[in-house]
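Visitor: Sharing coords34.csv, CSV, C-alpha atoms and all ligand atoms:
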```csv
chain,number,residue,atom,x,y,z
Z,1,MET,CA,-10.4,2.6,10.9
Z,2,LYS,CA,-12.9,0.8,8.7
Z,3,LEU,CA,-11.7,-0.9,5.6
Z,4,ASP,CA,-14.1,-2.4,3.0
Z,5,VAL,CA,-13.1,-4.4,-0.1
Z,6,VAL,CA,-15.4,-5.1,-3.1
Z,7,THR,CA,-14.2,-7.9,-5.3
Z,8,ILE,CA,-15.3,-10.9,-7.4
Z,9,PHE,CA,-12.8,-13.1,-5.5
Z,10,PRO,CA,-13.5,-12.6,-1.8
Z,11,GLU,CA,-11.4,-15.6,-0.8
Z,12,TYR,CA,-8.4,-13.9,-2.3
Z,13,LEU,CA,-8.6,-11.4,0.6
Z,14,GLN,CA,-8.3,-14.1,3.3
Z,15,PRO,CA,-4.8,-12.9,4.3
Z,16,LEU,CA,-6.5,-9.8,5.7
Z,17,ARG,CA,-7.6,-12.1,8.6
Z,18,ALA,CA,-4.0,-13.3,9.3
Z,19,ALA,CA,-1.0,-12.2,11.2
Z,20,LEU,CA,-0.6,-8.5,12.0
Z,21,LEU,CA,-3.8,-7.5,10.2
Z,22,GLY,CA,-5.8,-10.3,11.9
Z,23,ARG,CA,-4.5,-9.3,15.3
Z,24,ALA,CA,-5.3,-5.6,14.7
Z,25,ALA,CA,-8.9,-6.7,13.8
Z,26,GLU,CA,-9.2,-8.9,16.9
Z,27,ARG,CA,-8.1,-6.0,19.1
Z,28,GLY,CA,-10.7,-3.7,17.5
Z,29,LEU,CA,-8.1,-1.3,15.9
Z,30,ILE,CA,-9.5,-2.0,12.5
Z,31,GLU,CA,-12.8,-3.4,11.1
Z,32,ILE,CA,-12.5,-5.2,7.8
Z,33,GLY,CA,-15.4,-6.0,5.4
Z,34,VAL,CA,-15.0,-8.1,2.2
Z,35,HIS,CA,-17.9,-8.0,-0.2
Z,36,ASP,CA,-18.7,-10.2,-3.2
Z,37,LEU,CA,-19.5,-7.9,-6.1
Z,38,ARG,CA,-21.9,-10.5,-7.5
Z,39,ASN,CA,-24.2,-9.8,-4.6
Z,40,TRP,CA,-25.3,-6.8,-6.7
Z,41,THR,CA,-26.2,-8.7,-9.8
Z,42,TYR,CA,-29.7,-9.7,-10.6
Z,43,ASP,CA,-29.4,-11.9,-13.8
Z,44,VAL,CA,-29.1,-15.7,-13.7
Z,45,HIS,CA,-25.5,-15.6,-14.9
Z,46,ARG,CA,-24.6,-13.0,-12.3
Z,47,ALA,CA,-22.7,-11.1,-15.0
Z,48,VAL,CA,-20.3,-8.4,-13.9
Z,49,ASP,CA,-18.7,-7.6,-17.3
Z,50,ASP,CA,-19.6,-6.7,-20.9
Z,51,ALA,CA,-17.8,-6.0,-24.2
Z,52,PRO,CA,-16.0,-2.6,-24.4
Z,53,TYR,CA,-17.5,0.2,-26.4
Z,54,GLY,CA,-15.2,1.0,-29.4
Z,55,GLY,CA,-14.1,-2.7,-29.6
Z,56,GLY,CA,-10.9,-4.2,-28.6
Z,57,PRO,CA,-9.8,-7.2,-26.5
Z,58,GLY,CA,-11.1,-8.1,-23.0
Z,59,MET,CA,-14.2,-7.1,-21.1
Z,60,VAL,CA,-15.2,-4.1,-19.0
Z,61,MET,CA,-16.9,-4.3,-15.7
Z,62,LYS,CA,-20.5,-3.0,-15.7
Z,63,PRO,CA,-21.4,0.3,-14.2
Z,64,GLN,CA,-24.8,-0.7,-12.8
Z,65,VAL,CA,-23.3,-3.5,-10.7
Z,66,TRP,CA,-20.4,-1.4,-9.4
Z,67,GLY,CA,-22.7,1.6,-8.8
Z,68,GLU,CA,-25.1,-0.4,-6.5
Z,69,ALA,CA,-22.2,-2.0,-4.7
Z,70,LEU,CA,-20.5,1.3,-3.9
Z,71,ASP,CA,-23.9,2.9,-3.0
Z,72,ALA,CA,-24.3,0.1,-0.4
Z,73,VAL,CA,-20.7,0.1,1.0
Z,74,CYS,CA,-19.7,3.8,0.9
Z,75,THR,CA,-20.9,6.7,3.0
Z,76,GLU,CA,-20.2,10.4,2.7
Z,77,ARG,CA,-17.1,9.9,4.9
Z,78,SER,CA,-15.5,7.3,2.7
Z,79,ARG,CA,-12.4,7.5,0.5
Z,80,LEU,CA,-12.6,5.3,-2.6
Z,81,VAL,CA,-9.3,3.6,-3.7
Z,82,VAL,CA,-9.1,1.9,-7.1
Z,83,PRO,CA,-6.0,-0.2,-7.7
Z,84,THR,CA,-5.0,0.0,-11.4
Z,85,PRO,CA,-1.7,0.0,-13.2
Z,86,ALA,CA,-2.9,3.3,-14.8
Z,87,GLY,CA,-3.0,5.0,-11.4
Z,88,ARG,CA,-0.8,7.4,-9.5
Z,89,PRO,CA,2.0,5.7,-7.6
Z,90,PHE,CA,1.2,4.3,-4.1
Z,91,THR,CA,4.1,5.5,-1.8
Z,92,GLN,CA,4.8,5.7,1.9
Z,93,ALA,CA,3.5,9.3,1.8
Z,94,VAL,CA,0.2,8.0,0.4
Z,95,ALA,CA,0.1,5.2,3.1
Z,96,ARG,CA,0.6,7.9,5.8
Z,97,GLU,CA,-2.3,9.9,4.3
Z,98,TYR,CA,-4.6,6.9,4.2
Z,99,ALA,CA,-3.7,6.0,7.8
Z,100,GLU,CA,-5.5,9.3,8.8
Z,101,GLN,CA,-8.8,8.3,7.1
Z,102,GLU,CA,-11.9,7.0,8.8
Z,103,HIS,CA,-13.1,4.7,6.0
Z,104,LEU,CA,-11.3,3.3,3.0
Z,105,VAL,CA,-13.2,1.4,0.3
Z,106,PHE,CA,-11.1,-0.6,-2.2
Z,107,ALA,CA,-12.8,-1.4,-5.5
Z,108,CYS,CA,-11.0,-4.4,-7.2
Z,109,GLY,CA,-11.3,-4.5,-10.9
Z,110,ARG,CA,-10.5,-7.5,-13.2
Z,111,TYR,CA,-10.5,-7.9,-16.9
Z,112,GLU,CA,-9.8,-4.6,-18.7
Z,113,GLY,CA,-11.0,-2.5,-15.9
Z,114,ILE,CA,-14.2,-0.9,-14.7
Z,115,ASP,CA,-16.5,1.5,-16.6
Z,116,GLN,CA,-15.0,5.0,-16.0
Z,117,ARG,CA,-18.4,6.4,-15.1
Z,118,VAL,CA,-18.4,4.5,-11.9
Z,119,PHE,CA,-15.5,6.6,-10.6
Z,120,ASP,CA,-16.8,9.8,-12.2
Z,121,ASP,CA,-20.1,9.3,-10.4
Z,122,ALA,CA,-18.5,8.3,-7.0
Z,123,ALA,CA,-16.2,11.4,-7.2
Z,124,ARG,CA,-19.4,13.6,-7.0
Z,125,ARG,CA,-19.7,12.3,-3.4
Z,126,MET,CA,-16.2,11.3,-2.1
Z,127,PRO,CA,-12.5,11.5,-2.9
Z,128,VAL,CA,-11.6,8.8,-5.5
Z,129,ASP,CA,-8.0,7.7,-6.0
Z,130,GLU,CA,-6.8,5.5,-8.8
Z,131,VAL,CA,-3.5,4.1,-7.6
Z,132,SER,CA,-0.8,1.8,-8.8
Z,133,ILE,CA,1.5,-0.2,-6.6
Z,134,GLY,CA,4.3,-0.4,-9.2
Z,135,ASP,CA,5.2,-0.4,-12.9
Z,136,TYR,CA,4.0,-3.9,-13.7
Z,137,VAL,CA,0.6,-5.4,-14.5
Z,138,LEU,CA,-1.2,-7.8,-12.1
Z,139,VAL,CA,-4.3,-9.8,-13.1
Z,140,GLY,CA,-6.5,-7.7,-10.8
Z,141,GLY,CA,-6.5,-5.3,-7.9
Z,142,GLU,CA,-6.8,-7.9,-5.0
Z,143,ALA,CA,-3.0,-8.4,-4.5
Z,144,ALA,CA,-2.5,-4.6,-4.7
Z,145,VAL,CA,-5.2,-4.2,-1.9
Z,146,LEU,CA,-3.3,-6.6,0.3
Z,147,VAL,CA,-0.1,-4.6,-0.2
Z,148,MET,CA,-1.8,-1.2,0.5
Z,149,VAL,CA,-3.8,-2.4,3.5
Z,150,GLU,CA,-0.7,-3.8,5.2
Z,151,ALA,CA,1.3,-0.6,4.5
Z,152,VAL,CA,-1.5,1.5,6.0
Z,153,VAL,CA,-2.5,-0.6,9.0
Z,154,ARG,CA,1.0,-1.0,10.4
Z,155,LEU,CA,1.1,2.9,10.7
Z,156,LEU,CA,-2.1,3.0,12.9
Z,157,PRO,CA,-1.4,3.7,16.6
Z,158,GLY,CA,-1.1,0.5,18.7
Z,159,VAL,CA,-0.7,-1.9,15.7
Z,160,LEU,CA,3.1,-2.4,15.9
Z,161,GLY,CA,4.6,-3.6,19.1
Z,162,ASN,CA,7.2,-0.9,18.9
Z,163,PRO,CA,6.1,2.3,17.3
Z,164,VAL,CA,9.7,3.4,16.8
Z,165,SER,CA,9.9,0.6,14.1
Z,166,ALA,CA,7.6,2.6,11.8
Z,167,GLU,CA,9.5,5.8,12.5
Z,168,GLN,CA,12.8,4.3,11.5
Z,169,ASP,CA,11.6,2.6,8.4
Z,170,SER,CA,13.0,2.9,4.9
Z,171,PHE,CA,11.4,6.0,3.4
Z,172,SER,CA,10.4,7.6,6.7
Z,173,ASP,CA,13.4,9.9,6.3
Z,174,GLY,CA,13.4,9.6,2.5
Z,175,LEU,CA,16.3,7.1,2.6
Z,176,LEU,CA,16.5,3.3,2.3
Z,177,GLU,CA,17.2,1.6,5.6
Z,178,GLY,CA,20.8,0.3,6.0
Z,179,PRO,CA,21.8,-3.3,7.0
Z,180,SER,CA,21.0,-4.9,10.4
Z,181,PHE,CA,22.9,-7.5,12.5
Z,182,THR,CA,22.2,-9.6,15.5
Z,183,ARG,CA,24.3,-12.3,17.5
Z,184,PRO,CA,26.6,-14.1,17.0
Z,185,GLU,CA,29.4,-11.6,16.5
Z,186,VAL,CA,31.1,-13.9,13.9
Z,187,TRP,CA,29.0,-16.1,11.7
Z,188,ARG,CA,30.5,-18.2,8.8
Z,189,ASP,CA,33.6,-16.1,9.1
Z,190,LEU,CA,31.6,-12.9,8.6
Z,191,THR,CA,31.8,-10.3,11.4
Z,192,VAL,CA,29.4,-7.6,12.7
Z,193,PRO,CA,30.9,-4.1,12.0
Z,194,ASP,CA,33.0,-2.9,15.0
Z,195,VAL,CA,31.1,0.4,15.4
Z,196,LEU,CA,27.9,-1.4,16.2
Z,197,ARG,CA,29.6,-3.1,19.2
Z,198,SER,CA,31.4,0.1,20.3
Z,199,GLY,CA,28.6,1.5,22.5
Z,200,ASN,CA,29.2,4.9,21.1
Z,201,HIS,CA,25.7,6.0,20.1
Z,202,ALA,CA,26.8,9.1,18.2
Z,203,HIS,CA,29.2,7.0,16.0
Z,204,ILE,CA,26.5,4.4,15.6
Z,205,GLU,CA,24.0,7.0,14.4
Z,206,ARG,CA,26.5,8.5,12.0
Z,207,TRP,CA,27.4,5.0,10.6
Z,208,ARG,CA,23.8,4.1,10.1
Z,209,ARG,CA,23.1,7.3,8.3
Z,210,ASP,CA,26.2,6.8,6.0
Z,211,GLN,CA,25.0,3.2,5.3
Z,212,ALA,CA,21.5,4.5,4.4
Z,213,LEU,CA,23.0,7.2,2.1
Z,214,GLU,CA,25.3,4.8,0.3
Z,215,ARG,CA,22.6,2.2,-0.1
Z,216,THR,CA,20.2,4.8,-1.5
Z,217,PHE,CA,22.8,6.2,-3.8
Z,218,ARG,CA,23.6,2.7,-5.2
Z,219,ARG,CA,20.0,1.3,-5.4
Z,220,ARG,CA,17.7,4.3,-5.7
Z,221,PRO,CA,19.5,7.4,-6.9
Z,222,ASP,CA,16.2,8.9,-7.9
Z,223,LEU,CA,15.3,9.2,-4.1
Z,224,LEU,CA,18.5,11.2,-3.4
Z,225,THR,CA,17.6,13.7,-6.1
Z,226,LEU,CA,14.4,14.4,-4.3
Z,227,LEU,CA,16.2,14.8,-1.0
Z,228,ALA,CA,19.0,17.0,-2.3
Z,229,ASP,CA,18.0,20.1,-0.2
Z,230,GLU,CA,18.0,18.1,3.1
Z,231,LEU,CA,21.5,16.7,2.9
Z,232,ASP,CA,24.2,18.4,5.0
Z,233,ASP,CA,28.0,18.7,4.3
Z,234,HIS,CA,28.8,15.4,6.0
Z,235,ASP,CA,26.1,13.6,4.0
Z,236,ARG,CA,27.5,15.0,0.8
Z,237,ALA,CA,31.0,13.9,1.7
Z,238,VAL,CA,29.7,10.2,1.9
Z,239,LEU,CA,28.3,10.3,-1.6
Z,301,LIG,N1,-4.0,-3.9,-11.0
Z,301,LIG,C1,-3.2,-4.5,-12.0
Z,301,LIG,N2,-1.9,-4.1,-11.9
Z,301,LIG,C2,-1.9,-3.2,-10.8
Z,301,LIG,C3,-0.8,-2.5,-10.3
Z,301,LIG,N3,0.4,-2.5,-10.7
Z,301,LIG,N4,-1.1,-1.7,-9.2
Z,301,LIG,C4,-2.4,-1.6,-8.7
Z,301,LIG,N5,-3.4,-2.4,-9.2
Z,301,LIG,C5,-3.1,-3.1,-10.3
```
Could I get this structure in the form of C-alpha cells?
Guide:
Amino acid sequence: MKLDVVTIFPEYLQPLRAALLGRAAERGLIEIGVHDLRNWTYDVHRAVDDAPYGGGPGMVMKPQVWGEALDAVCTERSRLVVPTPAGRPFTQAVAREYAEQEHLVFACGRYEGIDQRVFDDAARRMPVDEVSIGDYVLVGGEAAVLVMVEAVVRLLPGVLGNPVSAEQDSFSDGLLEGPSFTRPEVWRDLTVPDVLRSGNHAHIERWRRDQALERTFRRRPDLLTLLADELDDHDRAVL
C-alpha cells in the first residue's frame, strides 16, 4: 500500500517512520511519502492561505496551491482522505475499508480549512472522504493522520506479529474487548479470575464474551443498540 501525506508541517509526521509503521516500511509492506505543501507555492512568502470570502475569523487554504499538490501526488487510483472535525466518523469499519486501498492520500488542513473547491475538483477524478477522528477539535489534520494510518496499517497482512490480535480487537465483533491478565497469579493482593486458570476453553470463551458485553453495556451502550439483532439468549441474560 502507498500512503502520501501533504502538510505544511512535514516534521509532524516523523512518527510514521517509528515503531510498527517504520518496520512495515522497512519490510516493504507500505511506502510512505510526506510532502511539504509549500513546494507548490511560487511567491516569496510561500503563502498557503488567504482571507475567507464572506468574512469571519481565520484564514482559508488556497485552492491553487492544494490543486497543484494533489495533481502531483494523486493518480486515478488514489483515494483522497481529508481529516476535518466536520467529516464523517472514522471507525474500525472505515479502517478496514482503507486497508483494501492501493493508494491513500491524506490532505492536512490548518487554519479554518481548505477551499471547498479543492475537494469538489478532486472528486471529479477520485473518491474523496472528509473524515473526523472524534468529536473534538484539533489544531490541524496531522495528528488525525497519525491515528488513521496506524489503525489502517496494523490491519495489512504481515504487519502484526500475530494476525489473531487484529481479529480479536475491540470492535472486530462490535464489542469492547474485556480485561486481560498475566502472571503473577496474585499481585498486590489482587487475583486473576479463577476461570482463566481453569483450562476449560469453553468456559473461558463464555467468560470473555460476558466481560465484553458487560463492559460495552457500561461504557458504550450505543454500540449494543447497533448489535441488538446479533445477541443470543445467553448474551441478553448477561445484560
Ligand atoms: N482536524 C481538526 N480536528 C479534527 C478531528 N476531530 N478529526 C479529524 N481532523 C481534524
Visitor: Give me, as a PyMOL selection string, the set of residues whose atoms come within 6 Å of any atom of ligand LIG 301 (chain Z), counting all atoms listed in the file.
Guide: chain Z and resi 83-85+131-141+144
Visitor: Take the selection from the previous step and output its residues with C-alpha atoms, as a CSV table (one decimal), in the frame of the given file.
Guide:
```csv
chain,number,residue,atom,x,y,z
Z,83,PRO,CA,-6.0,-0.2,-7.7
Z,84,THR,CA,-5.0,0.0,-11.4
Z,85,PRO,CA,-1.7,0.0,-13.2
Z,131,VAL,CA,-3.5,4.1,-7.6
Z,132,SER,CA,-0.8,1.8,-8.8
Z,133,ILE,CA,1.5,-0.2,-6.6
Z,134,GLY,CA,4.3,-0.4,-9.2
Z,135,ASP,CA,5.2,-0.4,-12.9
Z,136,TYR,CA,4.0,-3.9,-13.7
Z,137,VAL,CA,0.6,-5.4,-14.5
Z,138,LEU,CA,-1.2,-7.8,-12.1
Z,139,VAL,CA,-4.3,-9.8,-13.1
Z,140,GLY,CA,-6.5,-7.7,-10.8
Z,141,GLY,CA,-6.5,-5.3,-7.9
Z,144,ALA,CA,-2.5,-4.6,-4.7
```
Visitor: Write out, as a tab-separated table, each residue of stretch 72-113 of chain Z that has an atom at most 10 Å from stretch 32-40 of chain Z, together with the closest pair of atoms and their distance in Å to one decimal, counting all atoms listed in the file, rows going by chain and rising number.
Guide:
```
residue	atom	partner	partner_atom	distance
Z:Ala72	CA	Z:Trp40	CA	9.4
Z:Val73	CA	Z:His35	CA	8.7
Z:Leu104	CA	Z:Ile32	CA	9.8
Z:Val105	CA	Z:Gly33	CA	9.3
Z:Phe106	CA	Z:Val34	CA	9.5
Z:Ala107	CA	Z:Leu37	CA	9.4
Z:Cys108	CA	Z:Leu37	CA	9.3
```
Visitor: Could you write those residues out with C-alpha atoms, as a short mmCIF file (atom, residue, chain, number, x, y, z; two decimals), keeping the file's coordinate frame?
Guide:
```cif
data_model
loop_
_atom_site.label_atom_id
_atom_site.label_comp_id
_atom_site.auth_asym_id
_atom_site.auth_seq_id
_atom_site.Cartn_x
_atom_site.Cartn_y
_atom_site.Cartn_z
CA ALA Z 72 -24.30 0.10 -0.40
CA VAL Z 73 -20.70 0.10 1.00
CA LEU Z 104 -11.30 3.30 3.00
CA VAL Z 105 -13.20 1.40 0.30
CA PHE Z 106 -11.10 -0.60 -2.20
CA ALA Z 107 -12.80 -1.40 -5.50
CA CYS Z 108 -11.00 -4.40 -7.20
#
```
Visitor: Select, from Z:Arg110, Z:Arg117, Z:Arg215, Z:His201, the residue with the minimum atom-to-atom distance to Z:Ile8, counting all atoms listed in the file.
Guide: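 Among the listed residues, Z:Arg110 lies closest to Z:Ile8.
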Visitor: Measuring between only C-alpha atoms, which one of Z:Ile114, Z:Val153, Z:Val48, Z:Leu239 shows the shortest distance to Z:Leu20?
Guide: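 Going through Z:Ile114, Z:Val153, Z:Val48, Z:Leu239 one by one, the smallest distance to Z:Leu20 is for Z:Val153.
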Visitor: Excluding Z:Pro15 and any residue of its chain fewer than 6 positions from it, enumerate the residues within 12 Å of it, using all atoms listed in the file, and give them as a PDB file with C-alpha atoms, keeping the file's coordinate frame.
Guide:
```
ATOM      1  CA  LEU Z  21      -3.800  -7.500  10.200  1.00  0.00           C
ATOM      2  CA  GLY Z  22      -5.800 -10.300  11.900  1.00  0.00           C
ATOM      3  CA  ARG Z  23      -4.500  -9.300  15.300  1.00  0.00           C
ATOM      4  CA  ILE Z  32     -12.500  -5.200   7.800  1.00  0.00           C
ATOM      5  CA  VAL Z  34     -15.000  -8.100   2.200  1.00  0.00           C
ATOM      6  CA  GLU Z 142      -6.800  -7.900  -5.000  1.00  0.00           C
ATOM      7  CA  ALA Z 143      -3.000  -8.400  -4.500  1.00  0.00           C
ATOM      8  CA  VAL Z 145      -5.200  -4.200  -1.900  1.00  0.00           C
ATOM      9  CA  LEU Z 146      -3.300  -6.600   0.300  1.00  0.00           C
ATOM     10  CA  VAL Z 147      -0.100  -4.600  -0.200  1.00  0.00           C
ATOM     11  CA  VAL Z 149      -3.800  -2.400   3.500  1.00  0.00           C
ATOM     12  CA  GLU Z 150      -0.700  -3.800   5.200  1.00  0.00           C
TER      13      GLU Z 150
END
```
Visitor: Neighbours of Z:His103 within 12 Å (only C-alpha atoms; same-chain residues fewer than 3 positions away dropped), as a list in words?
Guide: Met1, Lys2, Leu3, Asp4, Val5, Ile30, Glu31, Ile32, Gly33, Val73, Cys74, Thr75, Glu76, Arg77, Ser78, Arg79, Leu80, Val81, Tyr98, Ala99, Glu100, Phe106, Met126, Pro127 and Val149 of chain Z
Visitor: Go ahead and write the residues just picked, C-alpha atoms, as a PDB file, keeping the file's coordinate frame.
Guide:
```pdb
ATOM      1  CA  MET Z   1     -10.400   2.600  10.900  1.00  0.00           C
ATOM      2  CA  LYS Z   2     -12.900   0.800   8.700  1.00  0.00           C
ATOM      3  CA  LEU Z   3     -11.700  -0.900   5.600  1.00  0.00           C
ATOM      4  CA  ASP Z   4     -14.100  -2.400   3.000  1.00  0.00           C
ATOM      5  CA  VAL Z   5     -13.100  -4.400  -0.100  1.00  0.00           C
ATOM      6  CA  ILE Z  30      -9.500  -2.000  12.500  1.00  0.00           C
ATOM      7  CA  GLU Z  31     -12.800  -3.400  11.100  1.00  0.00           C
ATOM      8  CA  ILE Z  32     -12.500  -5.200   7.800  1.00  0.00           C
ATOM      9  CA  GLY Z  33     -15.400  -6.000   5.400  1.00  0.00           C
ATOM     10  CA  VAL Z  73     -20.700   0.100   1.000  1.00  0.00           C
ATOM     11  CA  CYS Z  74     -19.700   3.800   0.900  1.00  0.00           C
ATOM     12  CA  THR Z  75     -20.900   6.700   3.000  1.00  0.00           C
ATOM     13  CA  GLU Z  76     -20.200  10.400   2.700  1.00  0.00           C
ATOM     14  CA  ARG Z  77     -17.100   9.900   4.900  1.00  0.00           C
ATOM     15  CA  SER Z  78     -15.500   7.300   2.700  1.00  0.00           C
ATOM     16  CA  ARG Z  79     -12.400   7.500   0.500  1.00  0.00           C
ATOM     17  CA  LEU Z  80     -12.600   5.300  -2.600  1.00  0.00           C
ATOM     18  CA  VAL Z  81      -9.300   3.600  -3.700  1.00  0.00           C
ATOM     19  CA  TYR Z  98      -4.600   6.900   4.200  1.00  0.00           C
ATOM     20  CA  ALA Z  99      -3.700   6.000   7.800  1.00  0.00           C
ATOM     21  CA  GLU Z 100      -5.500   9.300   8.800  1.00  0.00           C
ATOM     22  CA  PHE Z 106     -11.100  -0.600  -2.200  1.00  0.00           C
ATOM     23  CA  MET Z 126     -16.200  11.300  -2.100  1.00  0.00           C
ATOM     24  CA  PRO Z 127     -12.500  11.500  -2.900  1.00  0.00           C
ATOM     25  CA  VAL Z 149      -3.800  -2.400   3.500  1.00  0.00           C
TER      26      VAL Z 149
END
```
Visitor: From the list Z:Met61, Z:Ala47, Z:Leu156, Z:Leu175, which residue is nearest Z:Asp222 when using only C-alpha atoms?
Guide: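 The closest residue to Z:Asp222 is Z:Leu175.
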Visitor: Using all atoms listed in the file, which of the listed residues (Z:Pro193, Z:Ser180, Z:Leu70, Z:Gly161) sits closest to Z:Ala24?
Guide: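 Closest to Z:Ala24 of all the choices is Z:Gly161.
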Visitor: Interatomic distance between atom CA of Z:Phe90 and atom CA of Z:Met148?
Guide: 7.8 Å
Visitor: Can you pull out the residues contacting Z:Asp235? Cut-off 8 Å, using all atoms listed in the file, and skip same-chain residues under 4 positions away; I want them as a list in words.
Guide: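 Those residues are Asp210, Leu213, Leu231 and Leu239 of chain Z.
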Visitor: From the options Z:Gln14, Z:Arg96, Z:Glu68, Z:Gln211, which residue's atoms come nearest to Z:Glu167, counting all atoms listed in the file?
Guide: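 Counting all atoms listed in the file, the residue closest to Z:Glu167 is Z:Arg96.
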Visitor: What is the distance between atom CA of Z:Glu185 and atom CA of Z:Ile204, in Å to one decimal?
Guide: 16.3 Å
Visitor: Out of Z:Leu223, Z:Leu16, Z:Ala228, Z:Val186, which residue has the shortest atom-to-atom distance to Z:Ser170 when counting all atoms listed in the file?
Guide: Z:Leu223
Visitor: Mind giving me the straight-line distance from atom CA of Z:Asp50 to atom CA of Z:Val118 in Å, one decimal?
Guide: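 About the pair atom CA of Z:Asp50 and atom CA of Z:Val118: they are 14.4 Å apart.
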Visitor: Counting all atoms listed in the file, write as a list in words all protein and nucleic acid residues lying at most 10 Å from (-15.5, 2.0, -20.1) in the file's frame.
Guide: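 The residues that fall inside the cut-off are Asp50, Ala51, Pro52, Tyr53, Gly54, Met59, Val60, Met61, Lys62, Pro63, Glu112, Gly113, Ile114, Asp115, Gln116, Arg117 and Val118 of chain Z.
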Visitor: Write to file, as a PDB file, in the frame of the given file, the residues of the selection just made, with C-alpha atoms.
Guide:
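Dumped to part.pdb:
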```
ATOM      1  CA  ASP Z  50     -19.600  -6.700 -20.900  1.00  0.00           C
ATOM      2  CA  ALA Z  51     -17.800  -6.000 -24.200  1.00  0.00           C
ATOM      3  CA  PRO Z  52     -16.000  -2.600 -24.400  1.00  0.00           C
ATOM      4  CA  TYR Z  53     -17.500   0.200 -26.400  1.00  0.00           C
ATOM      5  CA  GLY Z  54     -15.200   1.000 -29.400  1.00  0.00           C
ATOM      6  CA  MET Z  59     -14.200  -7.100 -21.100  1.00  0.00           C
ATOM      7  CA  VAL Z  60     -15.200  -4.100 -19.000  1.00  0.00           C
ATOM      8  CA  MET Z  61     -16.900  -4.300 -15.700  1.00  0.00           C
ATOM      9  CA  LYS Z  62     -20.500  -3.000 -15.700  1.00  0.00           C
ATOM     10  CA  PRO Z  63     -21.400   0.300 -14.200  1.00  0.00           C
ATOM     11  CA  GLU Z 112      -9.800  -4.600 -18.700  1.00  0.00           C
ATOM     12  CA  GLY Z 113     -11.000  -2.500 -15.900  1.00  0.00           C
ATOM     13  CA  ILE Z 114     -14.200  -0.900 -14.700  1.00  0.00           C
ATOM     14  CA  ASP Z 115     -16.500   1.500 -16.600  1.00  0.00           C
ATOM     15  CA  GLN Z 116     -15.000   5.000 -16.000  1.00  0.00           C
ATOM     16  CA  ARG Z 117     -18.400   6.400 -15.100  1.00  0.00           C
ATOM     17  CA  VAL Z 118     -18.400   4.500 -11.900  1.00  0.00           C
TER      18      VAL Z 118
END
```
Visitor: Can you give me N, CA and C atoms for stretch 149-164 of chain Z, written as an mmCIF file, keeping the file's coordinate frame?
Guide:
```cif
data_model
loop_
_atom_site.group_PDB
_atom_site.id
_atom_site.type_symbol
_atom_site.label_atom_id
_atom_site.label_comp_id
_atom_site.auth_asym_id
_atom_site.auth_seq_id
_atom_site.Cartn_x
_atom_site.Cartn_y
_atom_site.Cartn_z
ATOM 1 N N VAL Z 149 -3.212 -2.280 2.177
ATOM 2 C CA VAL Z 149 -3.800 -2.400 3.500
ATOM 3 C C VAL Z 149 -2.692 -2.648 4.549
ATOM 4 N N GLU Z 150 -1.752 -3.508 4.206
ATOM 5 C CA GLU Z 150 -0.700 -3.800 5.200
ATOM 6 C C GLU Z 150 0.179 -2.566 5.422
ATOM 7 N N ALA Z 151 0.478 -1.829 4.352
ATOM 8 C CA ALA Z 151 1.300 -0.600 4.500
ATOM 9 C C ALA Z 151 0.596 0.433 5.361
ATOM 10 N N VAL Z 152 -0.727 0.516 5.247
ATOM 11 C CA VAL Z 152 -1.500 1.500 6.000
ATOM 12 C C VAL Z 152 -1.701 1.108 7.436
ATOM 13 N N VAL Z 153 -2.136 -0.142 7.622
ATOM 14 C CA VAL Z 153 -2.500 -0.600 9.000
ATOM 15 C C VAL Z 153 -1.357 -0.583 9.934
ATOM 16 N N ARG Z 154 -0.166 -0.930 9.462
ATOM 17 C CA ARG Z 154 1.000 -1.000 10.400
ATOM 18 C C ARG Z 154 1.318 0.440 10.913
ATOM 19 N N LEU Z 155 0.799 1.492 10.243
ATOM 20 C CA LEU Z 155 1.100 2.900 10.700
ATOM 21 C C LEU Z 155 0.058 3.307 11.784
ATOM 22 N N LEU Z 156 -1.033 2.555 11.969
ATOM 23 C CA LEU Z 156 -2.100 3.000 12.900
ATOM 24 C C LEU Z 156 -1.536 2.831 14.355
ATOM 25 N N PRO Z 157 -1.877 3.775 15.221
ATOM 26 C CA PRO Z 157 -1.400 3.700 16.600
ATOM 27 C C PRO Z 157 -1.796 2.382 17.254
ATOM 28 N N GLY Z 158 -0.833 1.730 17.922
ATOM 29 C CA GLY Z 158 -1.100 0.500 18.700
ATOM 30 C C GLY Z 158 -0.962 -0.772 17.867
ATOM 31 N N VAL Z 159 -0.797 -0.675 16.539
ATOM 32 C CA VAL Z 159 -0.700 -1.900 15.700
ATOM 33 C C VAL Z 159 0.645 -2.564 15.833
ATOM 34 N N LEU Z 160 1.709 -1.789 15.724
ATOM 35 C CA LEU Z 160 3.100 -2.400 15.900
ATOM 36 C C LEU Z 160 3.425 -2.419 17.339
ATOM 37 N N GLY Z 161 4.117 -3.499 17.722
ATOM 38 C CA GLY Z 161 4.600 -3.600 19.100
ATOM 39 C C GLY Z 161 5.402 -2.423 19.514
ATOM 40 N N ASN Z 162 6.335 -2.030 18.645
ATOM 41 C CA ASN Z 162 7.200 -0.900 18.900
ATOM 42 C C ASN Z 162 7.068 0.170 17.912
ATOM 43 N N PRO Z 163 6.409 1.286 18.286
ATOM 44 C CA PRO Z 163 6.100 2.300 17.300
ATOM 45 C C PRO Z 163 7.347 2.939 16.670
ATOM 46 N N VAL Z 164 8.504 2.813 17.352
ATOM 47 C CA VAL Z 164 9.700 3.400 16.800
ATOM 48 C C VAL Z 164 10.081 2.655 15.470
#
```
